[in-house]
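A.B. asks: Sending over my_file24.cif (mmCIF, C-alpha atoms).
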data_data
#
loop_
_atom_site.label_atom_id
_atom_site.label_comp_id
_atom_site.auth_asym_id
_atom_site.auth_seq_id
_atom_site.Cartn_x
_atom_site.Cartn_y
_atom_site.Cartn_z
CA MET D 1 103.77 212.22 178.60
CA ALA D 2 103.79 209.37 176.11
CA ALA D 3 102.99 206.86 178.84
CA SER D 4 100.01 208.87 180.01
CA ALA D 5 98.69 209.16 176.47
CA THR D 6 98.95 205.37 176.00
CA ALA D 7 97.11 204.73 179.27
CA ALA D 8 94.38 207.20 178.32
CA TRP D 9 93.96 205.52 174.92
CA LEU D 10 93.63 202.10 176.58
CA ASP D 11 90.98 203.39 179.00
CA ARG D 12 89.01 204.97 176.18
CA PHE D 13 89.31 202.25 173.55
CA PHE D 14 88.62 199.26 175.85
CA ALA D 15 86.08 200.96 178.12
CA GLY D 16 83.09 198.91 176.93
CA TYR D 17 85.05 195.64 176.77
CA ASP D 18 86.40 196.07 180.30
CA HIS D 19 83.08 197.09 181.84
CA PHE D 20 81.20 194.17 180.27
CA PHE D 21 83.40 191.46 181.77
CA LEU D 22 83.93 193.19 185.12
CA ASN D 23 80.17 193.56 185.52
CA ILE D 24 79.67 189.82 184.92
CA LEU D 25 82.27 188.95 187.56
CA HIS D 26 80.71 191.41 190.00
CA VAL D 27 77.32 189.70 189.61
CA LEU D 28 78.97 186.31 190.22
CA GLY D 29 80.63 187.75 193.31
CA ASP D 30 77.27 188.91 194.68
CA LYS D 31 75.67 185.52 194.07
CA ALA D 32 78.50 183.20 195.22
CA GLY D 33 81.04 185.48 196.78
CA ALA D 34 81.47 183.32 199.86
CA VAL D 35 82.87 180.52 197.70
CA LEU D 36 84.47 182.35 194.81
CA THR D 37 86.38 185.00 196.74
CA PRO D 38 88.61 182.60 198.77
CA LEU D 39 89.17 180.45 195.66
CA MET D 40 90.24 183.41 193.56
CA ARG D 41 92.64 184.57 196.25
CA VAL D 42 94.32 181.14 196.35
CA ILE D 43 94.70 181.12 192.55
CA THR D 44 96.21 184.61 192.65
CA PHE D 45 98.65 183.56 195.35
CA LEU D 46 99.87 180.59 193.26
CA GLY D 47 100.60 182.88 190.35
CA GLU D 48 102.39 185.55 192.38
CA LYS D 49 105.54 186.66 190.54
CA GLY D 50 105.64 183.34 188.66
CA ILE D 51 107.23 181.61 191.67
CA VAL D 52 105.51 178.27 190.99
CA PHE D 53 106.88 178.12 187.46
CA PHE D 54 110.37 179.10 188.63
CA LEU D 55 110.38 176.24 191.16
CA LEU D 56 109.03 173.80 188.58
CA ALA D 57 111.72 174.82 186.11
CA LEU D 58 114.44 174.38 188.75
CA VAL D 59 113.30 170.83 189.55
CA PHE D 60 113.18 169.86 185.88
CA MET D 61 116.64 171.28 185.22
CA LEU D 62 118.10 168.85 187.80
CA MET D 63 116.87 165.84 185.78
CA ALA D 64 118.67 164.70 182.66
CA ASP D 65 115.55 163.61 180.77
CA LYS D 66 113.61 166.83 181.60
CA ARG D 67 116.41 169.38 181.55
CA ASP D 68 115.38 170.91 178.24
CA LEU D 69 111.83 171.41 179.55
CA GLY D 70 113.10 173.13 182.69
CA VAL D 71 115.34 175.44 180.70
CA CYS D 72 112.49 176.36 178.37
CA ILE D 73 110.09 177.16 181.25
CA PHE D 74 112.71 179.21 183.06
CA GLY D 75 113.56 181.20 179.95
CA ALA D 76 109.90 181.82 179.08
CA VAL D 77 109.02 183.16 182.54
CA CYS D 78 112.14 185.35 182.62
CA CYS D 79 111.39 186.76 179.17
CA GLY D 80 107.79 187.53 180.13
CA ALA D 81 108.84 189.20 183.38
CA LEU D 82 111.37 191.33 181.50
CA ILE D 83 108.78 192.56 179.01
CA THR D 84 105.97 193.06 181.52
CA ASN D 85 107.44 194.21 184.82
CA ILE D 86 110.48 196.09 183.60
CA ILE D 87 109.49 197.57 180.25
CA LEU D 88 105.71 197.99 179.94
CA LYS D 89 104.38 198.56 183.45
CA ASP D 90 106.42 201.67 184.14
CA SER D 91 106.31 202.88 180.53
CA VAL D 92 102.52 202.77 180.17
CA GLY D 93 101.67 203.70 183.78
CA ARG D 94 98.05 202.56 183.75
CA VAL D 95 96.46 202.71 187.20
CA ARG D 96 94.44 199.89 188.79
CA PRO D 97 90.68 199.71 188.10
CA PHE D 98 89.64 200.33 191.71
CA GLU D 99 91.84 203.45 191.74
CA ALA D 100 90.54 204.96 188.49
CA VAL D 101 86.76 204.35 188.46
CA PRO D 102 84.52 204.84 191.53
CA GLU D 103 82.18 202.01 190.42
CA TYR D 104 85.08 199.57 190.25
CA ASN D 105 86.23 200.79 193.67
CA ALA D 106 82.88 199.78 195.16
CA TRP D 107 83.12 196.35 193.52
CA TRP D 108 86.63 196.03 194.89
CA PHE D 109 85.36 196.47 198.43
CA THR D 110 82.73 193.81 197.75
CA VAL D 111 85.41 191.15 197.15
CA GLY D 112 87.39 192.07 200.25
CA ALA D 113 89.59 194.92 198.95
CA PRO D 114 92.80 192.93 198.40
CA SER D 115 95.90 195.09 198.44
CA GLU D 116 97.73 195.67 195.16
CA ASP D 117 100.69 197.85 194.27
CA GLY D 118 102.27 199.01 191.07
CA CYS D 119 100.69 199.70 187.72
CA SER D 120 97.95 197.73 186.02
CA PHE D 121 99.03 197.18 182.39
CA PRO D 122 99.78 194.34 181.70
CA SER D 123 99.10 191.60 184.26
CA GLY D 124 102.29 189.96 185.56
CA HIS D 125 100.41 186.91 186.91
CA VAL D 126 98.86 186.13 183.54
CA THR D 127 102.10 186.80 181.66
CA ALA D 128 104.06 184.32 183.76
CA CYS D 129 101.30 181.71 183.55
CA ALA D 130 100.92 182.03 179.78
CA ALA D 131 104.68 181.92 179.22
CA GLY D 132 105.17 178.80 181.35
CA MET D 133 102.25 176.88 179.85
CA THR D 134 103.30 177.83 176.31
CA ALA D 135 106.77 176.44 176.99
CA ILE D 136 105.30 173.17 178.31
CA THR D 137 103.02 172.85 175.27
CA LEU D 138 105.83 173.43 172.78
CA MET D 139 108.14 170.97 174.53
CA ARG D 140 105.64 168.21 175.28
CA GLY D 141 103.19 168.25 172.40
CA LYS D 142 99.63 169.22 171.47
CA LYS D 143 98.05 167.32 174.35
CA TRP D 144 98.89 170.29 176.61
CA ILE D 145 97.01 172.89 174.56
CA LEU D 146 93.65 172.52 176.30
CA PRO D 147 95.07 172.39 179.88
CA SER D 148 97.22 175.43 179.13
CA VAL D 149 94.27 177.45 177.85
CA LEU D 150 92.18 176.54 180.89
CA ILE D 151 94.93 177.43 183.38
CA VAL D 152 95.63 180.80 181.75
CA PHE D 153 91.90 181.56 181.57
CA ILE D 154 91.37 180.78 185.26
CA MET D 155 94.33 182.95 186.25
CA GLY D 156 92.98 185.87 184.21
CA VAL D 157 89.48 185.50 185.71
CA SER D 158 90.92 185.57 189.24
CA ARG D 159 92.76 188.85 188.56
CA ASN D 160 89.64 190.45 187.08
CA TYR D 161 87.40 189.12 189.85
CA LEU D 162 89.57 190.80 192.51
CA MET D 163 89.47 194.07 190.52
CA ALA D 164 93.27 194.11 190.30
CA HIS D 165 93.40 194.35 186.49
CA TYR D 166 91.24 195.35 183.57
CA PRO D 167 90.24 192.55 181.14
CA SER D 168 92.33 194.33 178.50
CA ASP D 169 95.36 194.00 180.80
CA VAL D 170 94.78 190.25 180.92
CA LEU D 171 94.37 190.02 177.13
CA PHE D 172 97.66 191.74 176.37
CA ALA D 173 99.40 189.76 179.11
CA ALA D 174 98.33 186.46 177.50
CA ILE D 175 99.70 187.61 174.14
CA ILE D 176 103.01 188.62 175.70
CA GLY D 177 103.22 185.29 177.55
CA VAL D 178 102.72 183.26 174.36
CA PHE D 179 105.35 185.33 172.59
CA SER D 180 107.80 184.81 175.47
CA GLY D 181 107.21 181.05 175.41
CA VAL D 182 107.92 180.82 171.67
CA VAL D 183 111.13 182.84 172.02
CA ALA D 184 112.30 180.66 174.92
CA TRP D 185 111.53 177.49 172.95
CA LEU D 186 113.63 178.64 170.00
CA ILE D 187 116.56 179.55 172.24
CA THR D 188 116.30 176.21 174.07
CA GLN D 189 116.42 174.31 170.79
CA LEU D 190 119.60 176.13 169.78
CA ILE D 191 121.27 175.54 173.17
CA PHE D 192 120.63 171.81 173.30
CA ARG D 193 121.51 171.34 169.65
CA PHE D 194 124.90 172.86 170.39
CA LEU D 195 125.35 170.64 173.48
CA ARG D 196 124.49 167.44 171.60
CA ARG D 197 126.80 168.27 168.70
CA ASN D 198 129.77 168.89 170.99
CA ARG D 199 129.11 166.12 173.49
CA ARG D 200 132.24 164.13 172.52
CA ARG D 201 134.49 167.08 171.76
CA ILE D 202 133.75 169.22 174.84
CA PRO D 203 133.50 167.36 178.18
CA VAL D 204 131.39 170.13 179.75
CA CYS D 205 128.62 169.52 177.22
CA ALA D 206 128.47 165.85 178.15
CA THR D 207 128.35 166.74 181.84
CA ILE D 208 125.47 169.18 181.34
CA LEU D 209 123.47 166.64 179.36
CA ASP D 210 124.14 163.58 181.55
CA PHE D 211 124.08 164.95 185.09
CA ASP D 212 121.03 163.82 187.06
CA ILE D 213 120.24 164.64 190.68
CA ARG D 214 118.63 161.23 191.11
CA ASP D 215 122.01 159.56 190.65
CA VAL D 216 123.43 161.57 193.57
CA ILE D 217 120.46 161.83 195.94
CA PRO D 218 117.72 159.20 195.64
CA LEU D 219 114.42 161.05 195.74
CA PRO D 220 111.43 158.96 196.90
CA ALA D 221 109.06 161.35 195.16
CA PHE D 222 110.67 160.47 191.79
CA GLY D 223 111.04 156.71 192.29
CA GLY D 224 114.29 156.72 194.31
CA GLY D 225 116.61 156.98 191.30
CA ARG D 226 116.82 157.41 187.59
CA PRO D 227 114.47 155.03 185.82
CA ALA D 228 116.31 152.36 183.89
CA LYS D 229 115.85 152.38 180.15
CA PRO D 230 113.97 149.33 178.89
CA ALA D 231 116.19 146.88 177.06
CA ARG D 232 115.50 146.37 173.43
CA PRO D 233 114.25 142.90 172.56
CA ALA D 234 116.77 140.77 170.72
CA ARG D 235 115.96 140.11 167.12
CA THR D 236 115.44 136.49 166.18
CA ALA D 237 115.92 135.15 162.69
CA PRO D 238 112.62 134.28 161.00
CA PRO D 239 112.11 130.57 160.34
CA ALA D 240 112.75 129.27 156.86
CA ARG D 241 109.70 129.10 154.62
CA ARG D 242 110.32 125.51 153.71
CA GLY D 243 110.59 124.47 157.34
CA ALA D 244 107.43 126.36 158.24
CA SER D 245 105.50 124.72 155.40
CA ARG D 246 106.73 121.31 156.50
CA ALA D 247 105.65 121.98 160.08
CA ARG D 248 102.17 123.03 158.93
CA ALA D 249 101.85 119.90 156.79
CA GLU D 250 102.81 117.68 159.74
CA ALA D 251 100.43 119.46 162.11
CA ALA D 252 97.47 119.40 159.68
CA PRO D 253 94.98 116.50 160.22
CA GLU D 254 94.98 113.81 157.57
CA ASP D 255 91.95 113.39 155.35
CA PRO D 256 91.66 109.92 153.73
CA ASP D 257 89.34 111.28 151.03
CA ASP D 258 91.75 113.99 149.93
CA ASP D 259 95.06 112.17 149.67
CA VAL D 260 94.80 111.23 145.95
CA LYS D 261 93.87 113.66 143.21
CA THR D 262 93.74 113.34 139.46
CA TYR D 263 93.63 115.89 136.69
CA SER D 264 91.21 115.67 133.82
CA GLY D 265 91.32 117.47 130.54
CA SER D 266 88.44 119.76 131.52
CA GLY D 267 90.61 121.37 134.21
CA LYS D 268 88.84 119.99 137.31
CA HIS D 269 90.52 118.22 140.21
CA GLU D 270 88.58 115.21 141.44
CA ALA D 271 89.29 113.60 144.79
CA SER D 272 89.20 109.84 144.82
CA ALA D 273 86.82 108.44 147.41
CA ALA D 274 87.69 104.80 146.71
CA ALA D 275 90.89 103.35 148.18
CA GLY D 276 93.55 102.04 145.84
CA ARG D 277 93.15 104.52 143.01
CA SER D 278 96.46 105.51 141.43
CA SER D 279 97.82 109.02 141.78
CA ILE D 280 98.38 111.56 139.04
CA PHE D 281 102.05 110.69 138.69
CA GLU D 282 101.48 106.91 138.22
CA ASN D 283 98.47 106.73 135.87
CA PRO D 284 97.54 110.15 134.49
CA ALA D 285 94.24 110.44 132.70
CA PRO D 286 94.56 110.91 128.91
CA ARG D 287 93.87 114.39 127.66
CA ARG D 288 90.93 114.72 125.31
CA THR D 289 91.20 116.37 121.95
CA ARG D 290 89.40 119.53 121.03
CA ALA D 291 86.76 117.65 119.10
CA GLU D 292 86.15 115.29 122.03
CA ALA D 293 86.07 118.11 124.57
CA ALA D 294 83.53 120.10 122.49
CA PRO D 295 81.73 117.74 120.10
CA GLY D 296 78.96 120.24 119.43
CA ARG D 297 81.41 122.65 117.79
CA ALA D 298 82.40 120.15 115.00
CA VAL D 299 78.75 119.34 114.32
CA THR D 300 77.94 123.03 114.05
CA ARG D 301 80.71 123.56 111.50
CA ARG D 302 79.56 120.55 109.46
CA THR D 303 75.97 121.78 109.45
CA ARG D 304 77.03 125.22 108.27
CA ALA D 305 78.99 123.71 105.41
CA GLU D 306 76.02 121.56 104.31
CA THR D 307 73.46 124.35 104.50
CA ALA D 308 75.58 127.03 102.80
CA PRO D 309 74.06 128.22 99.46
CA GLU D 310 75.82 127.38 96.23
CA GLU D 311 77.76 130.19 94.66
CA PRO D 312 76.92 131.13 91.06
CA ALA D 313 79.32 129.85 88.46
CA PRO D 314 81.62 132.50 86.98
CA LEU D 315 80.91 133.76 83.53
CA THR D 316 83.08 132.40 80.73
CA ALA D 317 84.07 133.62 77.32
CA ASP D 318 81.43 131.36 75.64
CA ALA D 319 78.51 133.42 76.87
CA GLU D 320 76.30 134.39 73.95
CA GLU D 321 73.45 136.32 75.42
CA VAL D 322 73.83 139.48 77.47
CA SER D 323 70.94 141.16 79.21
CA GLU D 324 72.32 144.66 78.99
CA GLU D 325 74.87 146.56 76.97
CA PRO D 326 77.62 147.73 79.39
CA ALA D 327 79.14 151.20 79.24
CA PRO D 328 82.56 151.35 77.60
CA ARG D 329 85.49 151.59 80.07
CA ARG D 330 87.86 154.50 79.65
CA THR D 331 91.54 153.82 79.65
CA ARG D 332 94.63 155.93 79.38
CA THR D 333 95.61 157.08 75.92
CA GLY D 334 98.59 155.26 74.59
CA GLY D 335 98.99 153.26 77.78
CA ALA D 336 99.97 149.66 78.23
CA HIS D 337 96.35 148.58 78.66
CA SER D 338 94.84 150.56 75.79
CA ALA D 339 92.43 148.71 73.53
CA PRO D 340 93.42 147.91 69.90
CA ALA D 341 92.50 150.47 67.24
CA ARG D 342 89.02 149.80 65.94
CA THR D 343 86.25 151.79 64.32
CA ALA D 344 82.95 151.78 66.17
CA PRO D 345 79.94 151.96 63.86
CA GLY D 346 77.98 155.16 64.21
CA ALA D 347 80.36 156.73 66.68
CA GLY D 348 81.12 159.75 64.55
CA GLY D 349 84.62 160.09 65.82
CA ARG D 350 88.00 158.43 65.75
CA HIS D 351 89.77 156.05 68.08
CA VAL D 352 93.11 156.57 69.71
CA LEU D 353 95.62 154.21 68.22
CA GLY D 354 97.94 152.38 70.53
CA ALA D 355 99.63 149.09 70.92
CA ALA D 356 97.80 147.01 73.50
CA LYS D 357 97.61 143.41 74.38
CA ASP D 358 94.45 141.43 74.78
CA SER D 359 93.68 141.07 78.45
CA ALA D 360 90.84 139.74 80.50
CA PRO D 361 88.08 142.21 81.34
CA ARG D 362 88.30 143.94 84.70
CA ALA D 363 85.49 143.74 87.19
CA SER D 364 83.69 146.95 88.07
CA ARG D 365 81.66 147.98 91.11
CA GLY D 366 78.48 147.15 89.24
CA GLY D 367 79.27 143.43 89.37
CA ALA D 368 80.60 140.78 87.01
CA ALA D 369 77.13 139.96 85.62
CA ARG D 370 76.90 143.29 83.72
CA ARG D 371 80.13 142.88 81.80
CA ILE D 372 80.61 141.09 78.48
CA PRO D 373 83.80 139.09 78.37
CA GLY D 374 86.08 140.28 75.60
CA ALA D 375 84.07 143.43 74.86
CA TYR D 376 85.75 146.63 73.73
CA GLN D 377 86.77 148.85 76.66
CA GLY D 378 88.59 151.59 74.81
CA LYS D 379 88.25 155.37 75.12
CA HIS D 380 86.39 157.44 72.56
CA VAL D 381 87.76 160.86 71.75
CA LYS D 382 85.64 163.29 69.81
#
Written as structure tokens, that's how I'd like the structure from this file.
C.D. replies:
Amino acid sequence: MAASATAAWLDRFFAGYDHFFLNILHVLGDKAGAVLTPLMRVITFLGEKGIVFFLLALVFMLMADKRDLGVCIFGAVCCGALITNIILKDSVGRVRPFEAVPEYNAWWFTVGAPSEDGCSFPSGHVTACAAGMTAITLMRGKKWILPSVLIVFIMGVSRNYLMAHYPSDVLFAAIIGVFSGVVAWLITQLIFRFLRRNRRRIPVCATILDFDIRDVIPLPAFGGGRPAKPARPARTAPPARRGASRARAEAAPEDPDDDVKTYSGSGKHEASAAAGRSSIFENPAPRRTRAEAAPGRAVTRRTRAETAPEEPAPLTADAEEVSEEPAPRRTRTGGAHSAPARTAPGAGGRHVLGAAKDSAPRASRGGAARRIPGAYQGKHVK
């Protein structure tokens, strides 16, 4: 009962999807059926029960350098066949399109009514093809992705063209095939990792890895024997740098105008064009001084010194006339720099007494011209 319910759900859910693609293939069959029908039958025959992939896997397993690929293909096809033909086909029990829908039955007669047995979901041809091509892609790199997709697509189109499967059968078969290929690849990696680790400890592992049918039976189709590994080129010591420089100097053409060079103080190398001029090591040119190398700089400094304005003479204690009465400077009471006790006329207050020594007046921000040398700078306290 569960299988019938699953088949009914597939027919109902994918009804539009299946009819769309089957209708396109039916139109192609009406237009070019004389060419497409024989071609599709040949493609279906090549994918029957995955026999082509089984034979390919067997051949690869007899070669030492391709044994892992053969094992992976064989495992992928076996895993896909187990899931598809043994578990799902009988469990789901979906009937063929030409047996379920009268319209599809008429289209089936149009393409020659090829005989099919068993259930429809999923497609065994597509499962085996997808599993084998997935194994090849995982073992041999990304360059096989596009060919694998094209091969699986063509196999699925051939099964739909002959009305042997629904397009949904092909879709689920491709998913199962990819899953089977990934599982087989993981198992193959574990097997060969174990064999390589125990090559020296277990003789059987070495035999499995090293046996090659081409060493026993020369096969003309594969070159008559195992291809010899290319020998690695022997490493040669690099030549010494000094010897290489000497060889370049001997091989370089001689230039009579460039054999003698001198160095001047300005930092320029000058080649001697006249013969007989001494080299740098015999008669080096004298280095010029800074004044000789840049005479304009000394003249500039001298001119600045001559044209500089004269500074005003500092004020002395003999100055008699003052243009302005400066403000008295406040000092700390009783400090070391307090002014001597004096009475200012008209101040109306008293001065703080304190012992202080006569010192020179201090310059203020206003300038030295506003200060009277020796003037009283004490602090008035009211």
A.B. asks: When you count only C-alpha atoms, which of these residues is closest to Phe60 of chain D: D:Val178, D:Phe20, D:Cys72, D:Met40?
C.D. replies: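 So, comparing all the options, the nearest one is D:Cys72.
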A.B. asks: On this structure, which residues satisfy the PyMOL selection byres ((chain D and resi 84) around 8), written as an MDAnalysis selection string?
C.D. replies: chainID D and resid 80:83 85:89 122:124 127 173 176
A.B. asks: Could you state which residues are captured by the PyMOL selection byres ((chain D and resi 133-145) around 6) in this file, as a tab-separated table (two decimals) with C-alpha atoms, in the coordinates of the input?
C.D. replies:
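Once everything was written out, this is out.tsv:
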chain	number	residue	atom	x	y	z
D	72	CYS	CA	112.49	176.36	178.37
D	73	ILE	CA	110.09	177.16	181.25
D	130	ALA	CA	100.92	182.03	179.78
D	131	ALA	CA	104.68	181.92	179.22
D	132	GLY	CA	105.17	178.80	181.35
D	146	LEU	CA	93.65	172.52	176.30
D	147	PRO	CA	95.07	172.39	179.88
D	148	SER	CA	97.22	175.43	179.13
D	178	VAL	CA	102.72	183.26	174.36
D	181	GLY	CA	107.21	181.05	175.41
A.B. asks: By how many Å are atom CA of Leu55 of chain D and atom CA of Phe211 of chain D apart?
C.D. replies: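 These atoms are spaced 18.8 Å apart.
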A.B. asks: For the provided coordinates, the residues matched by the PyMOL selection byres ((chain D and resi 49) around 9) should be stated as a ChimeraX atom specification.
C.D. replies: /D:45-48,50-52,81,124-125,128
A.B. asks: One decimal, in Å: what's the spacing between atom CA of Asp30 of chain D and atom CA of Trp108 of chain D?
C.D. replies: 11.8 Å
A.B. asks: Excluding same-chain residues fewer than 2 positions from Phe192 of chain D, what lies within 10 Å of it counting only C-alpha atoms, as JSON, numbers by chain?
C.D. replies: {"D": [67, 68, 71, 187, 188, 189, 190, 194, 195, 196, 197, 198, 205, 208, 209]}
A.B. asks: Which residues come within 10 Å of segment 8-17 of chain D, counting all atoms listed in the file, excluding same-chain residues fewer than 6 positions away, as a compact mmCIF listing (two decimals) with C-alpha atoms, in the coordinates of the input?
C.D. replies:
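Done, and the output landed in out.txt:
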# COMPACT_ATOMS: atom_id res chain seq x y z
CA ALA D 2 103.79 209.37 176.11
CA VAL D 92 102.52 202.77 180.17
CA GLY D 93 101.67 203.70 183.78
CA ARG D 94 98.05 202.56 183.75
CA VAL D 95 96.46 202.71 187.20
CA PRO D 97 90.68 199.71 188.10
CA ALA D 100 90.54 204.96 188.49
CA PHE D 121 99.03 197.18 182.39
CA TYR D 166 91.24 195.35 183.57
CA PRO D 167 90.24 192.55 181.14
CA SER D 168 92.33 194.33 178.50
CA ASP D 169 95.36 194.00 180.80
A.B. asks: Enter the distance from atom CA of Asp65 of chain D to atom CA of Ile213 of chain D, in Å, rounded to one decimal.
C.D. replies: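 Computing the Euclidean distance for atom CA of Asp65 of chain D and atom CA of Ile213 of chain D yields 11.0 Å.
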A.B. asks: Using only C-alpha atoms, which protein or nucleic acid residues come within 10 Å of Val111 of chain D? Drop anything in the same chain fewer than 2 positions from it, and give the result as a PyMOL selection string.
C.D. replies: chain D and resi 26+29-30+33-34+36-38+40-41+106-109+113-114+161-163
A.B. asks: Compare D:Glu103, D:Val27, D:Gly112, D:Thr44 by their minimum atom-to-atom distance to Ile151 of chain D, counting all atoms listed in the file, and give me the closest one.
C.D. replies: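 Nearest to Ile151 of chain D: D:Thr44.
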A.B. asks: When distances are computed from all atoms listed in the file, which of D:Ala76, D:Asp210, D:Ala174, D:Tyr104 shows the smallest separation from His19 of chain D?
C.D. replies: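 Closest candidate: D:Tyr104.
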A.B. asks: Between D:Leu186, D:Ile202, D:Ile191, D:Cys119, which is the closest to Ser4 of chain D once you count all atoms listed in the file?
C.D. replies: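 Of the candidates, the smallest distance to Ser4 of chain D is held by D:Cys119.
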